[in-house]
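Take a look at the structure set out below.
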Amino acid sequence: MVVQLEDVSFGYDSRPVLIGANLSLPAGSVVGLLGLNGTGKTTTMRLIADILRPTSGTIRRQFSHLGYLPEERGLYRKMTVSRYLSFMAALDGMQGSVAKSRVADWITRFELESYVQSRIDTLSKGNQQKVQLAATLIGKPDLLLWDEPFSGLDALNQELLTEVLTETRHQGVSVLLSTHRIDDLETLADKTYILAQNHFHPYCRPQQPSTYIVTTPDRRFTVPAEDLGSLTAQLVANGSEIQHVGPQSDLSEVFRRLVARNGASGEEVP
């Protein structure tokens with residue numbers, strides 16, 4: 001295991017976040033972490049990164065280099081893209097041609113060549129996010145903690161990030177990926193947990209979704225599974241372009257089920 005939380009508890013003043021919680025990150029795996037706002041996803045990452053310390057329990061770490069992407073951007077906004085990434089490379093102990101090569105590689109991979117000499121505060125939110133993602137990868141980490149990495153990215157850049165994550169995973173890097181969206185984890189995560197009621201609950205998607213989302217250029221349809229065929233046939237007959245068809249992901253419904261059964265830790269959520 002790269003990281004293992006054993007009976008970990010942590011809270012802020014009188015508000016508990018984790019109570020006797022357990023979580024394992026196997027080496028070379030992508031683990032998804034879902035949760036509503038305020039449930040403790042960011043806190044979990046800060047505990048793993050040793051920014052926060054648990055009030056009880058043990059966190060076992062078996063990694064040598066960490067790349068951490070916080071949800072709130074931590075960029076030096078007056079620096080240029082090149083200067084910022086070079087600075088991050090220097091913090092990771094790289095110098096000279098090695099640092100220059102690593103910076104150039106990630107600028108190219110994240111398609112930032114046109115912004116090399118641009119100040120970060122002049123970039124779009126999506127390009128700022130790509131700069132911050134590149135910074136987490138500069139130092140060749142063996143563990144990535146990515147908190148809402150798809151935030152601010154358009155569809156093309158979400159696809160690019162998915163490709164980068166897949167490549168990184170094949171190089172043996174472990175990833176803890178926090179998101180509000182179940183769909184982000186459909187093809188990315190080996191295992192997904194929901195953080196609710198102070199515990200991590202293993203999650204698996206139902207094999208037969210009851211509701212689907214159908215997206216066209218000008219509308220989104222929510223349709224019961226039994227009506228999916230007739231709706232798509234009607235859209236095609238009317239000349240509409242169908243951009244995406246997929247199961248509806250409703251995290252609030254998952255949380256409702258957890259609350260209904262008192263969140264028994266360790267059970268899979270259907």
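We name chains A, B, ... following the order of the structure tokens; residues begin at 1 in each chain, and ligands are numbered from 1 as shown.
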With a distance cut-off of 7 Å and only C-alpha atoms, select the neighbouring residues of range 213-224 of chain A, excluding the residue or stretch itself and same-chain residues fewer than 3 positions from it, and output the selection as a list in words. Ser210, Asp227, Leu228, Ser240, Glu241, Ile242, Gln243, His244, Val245, Gly246, Pro247 and Gln248 of chain A
Please list as a JSON list (two decimals) with N, CA and C atoms, in the first residue's frame every residue within 10 Å of Val103 in chain A, counting only C-alpha atoms and excluding residues in the same chain fewer than 6 positions away.
[["chain", "number", "residue", "atom", "x", "y", "z"],
["A", 81, "VAL", "N", 4.26, 31.51, -17.03],
["A", 81, "VAL", "CA", 4.11, 30.06, -16.98],
["A", 81, "VAL", "C", 5.46, 29.38, -16.90],
["A", 82, "SER", "N", 6.40, 29.81, -17.74],
["A", 82, "SER", "CA", 7.73, 29.20, -17.77],
["A", 82, "SER", "C", 8.45, 29.40, -16.44],
["A", 83, "ARG", "N", 8.38, 30.61, -15.91],
["A", 83, "ARG", "CA", 9.08, 30.91, -14.66],
["A", 83, "ARG", "C", 8.48, 30.11, -13.50],
["A", 84, "TYR", "N", 7.17, 30.01, -13.46],
["A", 84, "TYR", "CA", 6.52, 29.28, -12.37],
["A", 84, "TYR", "C", 6.90, 27.80, -12.40],
["A", 85, "LEU", "N", 6.81, 27.18, -13.56],
["A", 85, "LEU", "CA", 7.13, 25.75, -13.64],
["A", 85, "LEU", "C", 8.62, 25.51, -13.39],
["A", 86, "SER", "N", 9.47, 26.43, -13.81],
["A", 86, "SER", "CA", 10.90, 26.30, -13.52],
["A", 86, "SER", "C", 11.15, 26.41, -12.02],
["A", 87, "PHE", "N", 10.42, 27.30, -11.37],
["A", 87, "PHE", "CA", 10.52, 27.45, -9.92],
["A", 87, "PHE", "C", 10.08, 26.17, -9.21],
["A", 88, "MET", "N", 8.98, 25.58, -9.68],
["A", 88, "MET", "CA", 8.50, 24.33, -9.06],
["A", 88, "MET", "C", 9.49, 23.19, -9.30],
["A", 89, "ALA", "N", 10.13, 23.17, -10.46],
["A", 89, "ALA", "CA", 11.16, 22.16, -10.73],
["A", 89, "ALA", "C", 12.34, 22.33, -9.78],
["A", 97, "SER", "N", 19.78, 21.66, -17.36],
["A", 97, "SER", "CA", 19.12, 21.06, -18.52],
["A", 97, "SER", "C", 18.01, 20.08, -18.12],
["A", 109, "ARG", "N", 2.96, 18.85, -23.24],
["A", 109, "ARG", "CA", 1.92, 17.84, -23.01],
["A", 109, "ARG", "C", 0.59, 18.48, -22.66],
["A", 134, "ALA", "N", 0.42, 20.58, -14.31],
["A", 134, "ALA", "CA", 1.79, 20.33, -14.76],
["A", 134, "ALA", "C", 2.77, 20.43, -13.60],
["A", 135, "ALA", "N", 2.53, 21.38, -12.71],
["A", 135, "ALA", "CA", 3.43, 21.56, -11.56],
["A", 135, "ALA", "C", 3.45, 20.33, -10.66],
["A", 137, "LEU", "N", 3.29, 17.34, -11.59],
["A", 137, "LEU", "CA", 3.93, 16.22, -12.29],
["A", 137, "LEU", "C", 5.41, 16.45, -12.59],
["A", 138, "ILE", "N", 5.86, 17.67, -12.42],
["A", 138, "ILE", "CA", 7.24, 18.04, -12.76],
["A", 138, "ILE", "C", 8.26, 17.14, -12.07],
["A", 139, "GLY", "N", 8.04, 16.88, -10.79],
["A", 139, "GLY", "CA", 9.04, 16.17, -9.98],
["A", 139, "GLY", "C", 8.96, 14.66, -10.00]]
How far is it from CA of Asn198 in chain A to CA of Ile19 in chain A, in Å with one decimal?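 Separation of CA of Asn198 in chain A and CA of Ile19 in chain A: 5.4 Å.
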Report as a count of residues only all protein, DNA and RNA residues lying within 8 Å of Val2 in chain A, evaluated on only C-alpha atoms, omitting residues in the same chain fewer than 5 positions from it. 10
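If you look at CA of Thr43 in chain A and CA of Val31 in chain A, they are 16.1 Å away from each other.
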As a PyMOL selection string, list the residues of range 26-192 of chain A assigned to strand (DSSP E) by DSSP on the backbone atoms of this structure. chain A and resi 30-34+56-61+66-69+143-147+174-179+191-192
Could you check the closest approach to Tyr12 in chain A for each of A:Thr55, A:Ser29, A:Gln197, A:Asn37 and tell me which residue wins, using only C-alpha atoms?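 Between A:Thr55, A:Ser29, A:Gln197, A:Asn37, the residue approaching Tyr12 in chain A most closely is A:Thr55.
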Leaving out Asp50 in chain A and any residue of its chain fewer than 4 positions from it, which residues lie within 10 Å of it when counting only C-alpha atoms, given as number ranges by chain? A: 44-46, 54, 59, 61
Counting only C-alpha atoms, which of A:Gly126, A:Gly32, A:Gly20, A:Pro70 gets nearest to Thr58 in chain A?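 Checking each of A:Gly126, A:Gly32, A:Gly20, A:Pro70 against Thr58 in chain A, counting only C-alpha atoms, the winner is A:Gly20.
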Write down as a ChimeraX atom specification the residues of range 10-247 of chain A whose backbone DSSP state falls under helix (DSSP H, G or I). /A:41-48,81-91,96-109,113-115,120-122,125-137,155-170,182-185,225-237
Give me a file of those residues, with C-alpha atoms, as a PDB file, in the first residue's frame.
ATOM      1  CA  LYS A  41     -12.343  15.186   0.943  1.00  0.00           C
ATOM      2  CA  THR A  42      -9.832  18.040   1.111  1.00  0.00           C
ATOM      3  CA  THR A  43      -9.122  17.302   4.774  1.00  0.00           C
ATOM      4  CA  THR A  44      -8.345  13.678   3.864  1.00  0.00           C
ATOM      5  CA  MET A  45      -5.782  14.809   1.302  1.00  0.00           C
ATOM      6  CA  ARG A  46      -4.195  17.223   3.756  1.00  0.00           C
ATOM      7  CA  LEU A  47      -3.921  14.415   6.312  1.00  0.00           C
ATOM      8  CA  ILE A  48      -2.218  12.167   3.754  1.00  0.00           C
ATOM      9  CA  VAL A  81       4.106  30.059 -16.977  1.00  0.00           C
ATOM     10  CA  SER A  82       7.729  29.199 -17.768  1.00  0.00           C
ATOM     11  CA  ARG A  83       9.081  30.906 -14.656  1.00  0.00           C
ATOM     12  CA  TYR A  84       6.525  29.284 -12.372  1.00  0.00           C
ATOM     13  CA  LEU A  85       7.126  25.751 -13.644  1.00  0.00           C
ATOM     14  CA  SER A  86      10.899  26.299 -13.518  1.00  0.00           C
ATOM     15  CA  PHE A  87      10.519  27.451  -9.919  1.00  0.00           C
ATOM     16  CA  MET A  88       8.498  24.329  -9.063  1.00  0.00           C
ATOM     17  CA  ALA A  89      11.156  22.161 -10.729  1.00  0.00           C
ATOM     18  CA  ALA A  90      13.830  23.854  -8.608  1.00  0.00           C
ATOM     19  CA  LEU A  91      11.814  23.136  -5.452  1.00  0.00           C
ATOM     20  CA  GLY A  96      19.990  23.108 -15.468  1.00  0.00           C
ATOM     21  CA  SER A  97      19.117  21.062 -18.519  1.00  0.00           C
ATOM     22  CA  VAL A  98      17.156  18.490 -16.507  1.00  0.00           C
ATOM     23  CA  ALA A  99      14.773  21.120 -15.162  1.00  0.00           C
ATOM     24  CA  LYS A 100      14.517  22.832 -18.548  1.00  0.00           C
ATOM     25  CA  SER A 101      13.656  19.549 -20.239  1.00  0.00           C
ATOM     26  CA  ARG A 102      11.009  18.606 -17.681  1.00  0.00           C
ATOM     27  CA  VAL A 103       9.356  22.022 -17.911  1.00  0.00           C
ATOM     28  CA  ALA A 104       9.344  21.896 -21.715  1.00  0.00           C
ATOM     29  CA  ASP A 105       7.877  18.386 -21.707  1.00  0.00           C
ATOM     30  CA  TRP A 106       4.911  19.312 -19.545  1.00  0.00           C
ATOM     31  CA  ILE A 107       4.296  22.622 -21.308  1.00  0.00           C
ATOM     32  CA  THR A 108       4.022  20.624 -24.524  1.00  0.00           C
ATOM     33  CA  ARG A 109       1.921  17.839 -23.008  1.00  0.00           C
ATOM     34  CA  GLU A 113       3.248  26.485 -25.745  1.00  0.00           C
ATOM     35  CA  SER A 114       1.380  29.681 -26.684  1.00  0.00           C
ATOM     36  CA  TYR A 115       1.421  30.866 -23.066  1.00  0.00           C
ATOM     37  CA  ILE A 120      -0.484  33.363 -14.935  1.00  0.00           C
ATOM     38  CA  ASP A 121      -3.045  36.004 -13.937  1.00  0.00           C
ATOM     39  CA  THR A 122      -3.757  36.671 -17.636  1.00  0.00           C
ATOM     40  CA  LYS A 125      -9.213  29.395 -15.466  1.00  0.00           C
ATOM     41  CA  GLY A 126      -8.753  26.277 -17.577  1.00  0.00           C
ATOM     42  CA  ASN A 127      -5.183  27.149 -18.553  1.00  0.00           C
ATOM     43  CA  GLN A 128      -4.356  28.085 -14.965  1.00  0.00           C
ATOM     44  CA  GLN A 129      -5.598  24.655 -13.949  1.00  0.00           C
ATOM     45  CA  LYS A 130      -3.362  23.011 -16.559  1.00  0.00           C
ATOM     46  CA  VAL A 131      -0.347  24.949 -15.240  1.00  0.00           C
ATOM     47  CA  GLN A 132      -1.067  23.756 -11.718  1.00  0.00           C
ATOM     48  CA  LEU A 133      -1.539  20.164 -12.916  1.00  0.00           C
ATOM     49  CA  ALA A 134       1.787  20.334 -14.761  1.00  0.00           C
ATOM     50  CA  ALA A 135       3.433  21.560 -11.563  1.00  0.00           C
ATOM     51  CA  THR A 136       2.282  18.451  -9.681  1.00  0.00           C
ATOM     52  CA  LEU A 137       3.931  16.217 -12.292  1.00  0.00           C
ATOM     53  CA  ALA A 155     -14.509  19.132 -22.742  1.00  0.00           C
ATOM     54  CA  LEU A 156     -11.333  18.929 -24.859  1.00  0.00           C
ATOM     55  CA  ASN A 157      -9.056  19.626 -21.911  1.00  0.00           C
ATOM     56  CA  GLN A 158     -10.953  17.148 -19.748  1.00  0.00           C
ATOM     57  CA  GLU A 159     -10.152  14.557 -22.407  1.00  0.00           C
ATOM     58  CA  LEU A 160      -6.509  15.671 -22.414  1.00  0.00           C
ATOM     59  CA  LEU A 161      -6.305  15.327 -18.634  1.00  0.00           C
ATOM     60  CA  THR A 162      -7.839  11.871 -18.844  1.00  0.00           C
ATOM     61  CA  GLU A 163      -5.103  10.877 -21.313  1.00  0.00           C
ATOM     62  CA  VAL A 164      -2.399  12.290 -19.032  1.00  0.00           C
ATOM     63  CA  LEU A 165      -3.841  10.452 -16.037  1.00  0.00           C
ATOM     64  CA  THR A 166      -3.913   7.186 -17.987  1.00  0.00           C
ATOM     65  CA  GLU A 167      -0.279   7.636 -19.067  1.00  0.00           C
ATOM     66  CA  THR A 168       0.784   8.488 -15.520  1.00  0.00           C
ATOM     67  CA  ARG A 169      -1.021   5.469 -14.146  1.00  0.00           C
ATOM     68  CA  HIS A 170       0.759   3.174 -16.628  1.00  0.00           C
ATOM     69  CA  ILE A 182     -19.302  10.143 -10.394  1.00  0.00           C
ATOM     70  CA  ASP A 183     -18.933  10.286 -14.197  1.00  0.00           C
ATOM     71  CA  ASP A 184     -15.313  11.478 -13.908  1.00  0.00           C
ATOM     72  CA  LEU A 185     -14.427   8.143 -12.311  1.00  0.00           C
ATOM     73  CA  ALA A 225     -34.099   3.483 -19.167  1.00  0.00           C
ATOM     74  CA  GLU A 226     -37.169   1.919 -20.777  1.00  0.00           C
ATOM     75  CA  ASP A 227     -37.736   5.076 -22.873  1.00  0.00           C
ATOM     76  CA  LEU A 228     -34.135   5.553 -23.986  1.00  0.00           C
ATOM     77  CA  GLY A 229     -34.496   3.736 -27.311  1.00  0.00           C
ATOM     78  CA  SER A 230     -37.616   5.597 -28.395  1.00  0.00           C
ATOM     79  CA  LEU A 231     -36.180   9.005 -27.452  1.00  0.00           C
ATOM     80  CA  THR A 232     -32.904   8.510 -29.324  1.00  0.00           C
ATOM     81  CA  ALA A 233     -34.827   7.204 -32.372  1.00  0.00           C
ATOM     82  CA  GLN A 234     -37.046  10.292 -32.288  1.00  0.00           C
ATOM     83  CA  LEU A 235     -34.058  12.640 -32.015  1.00  0.00           C
ATOM     84  CA  VAL A 236     -32.313  10.990 -34.950  1.00  0.00           C
ATOM     85  CA  ALA A 237     -35.499  11.115 -37.036  1.00  0.00           C
TER      86      ALA A 237
END
Proximity to His180 in chain A - best of A:Asp154, A:Glu71, A:Asp92, A:Glu6, only C-alpha atoms: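 Nearest to His180 in chain A: A:Glu71.
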Nearest to Phe110 in chain A: which of A:Leu23, A:Leu153, A:Leu18, A:Leu33 is it, counting only C-alpha atoms? A:Leu153
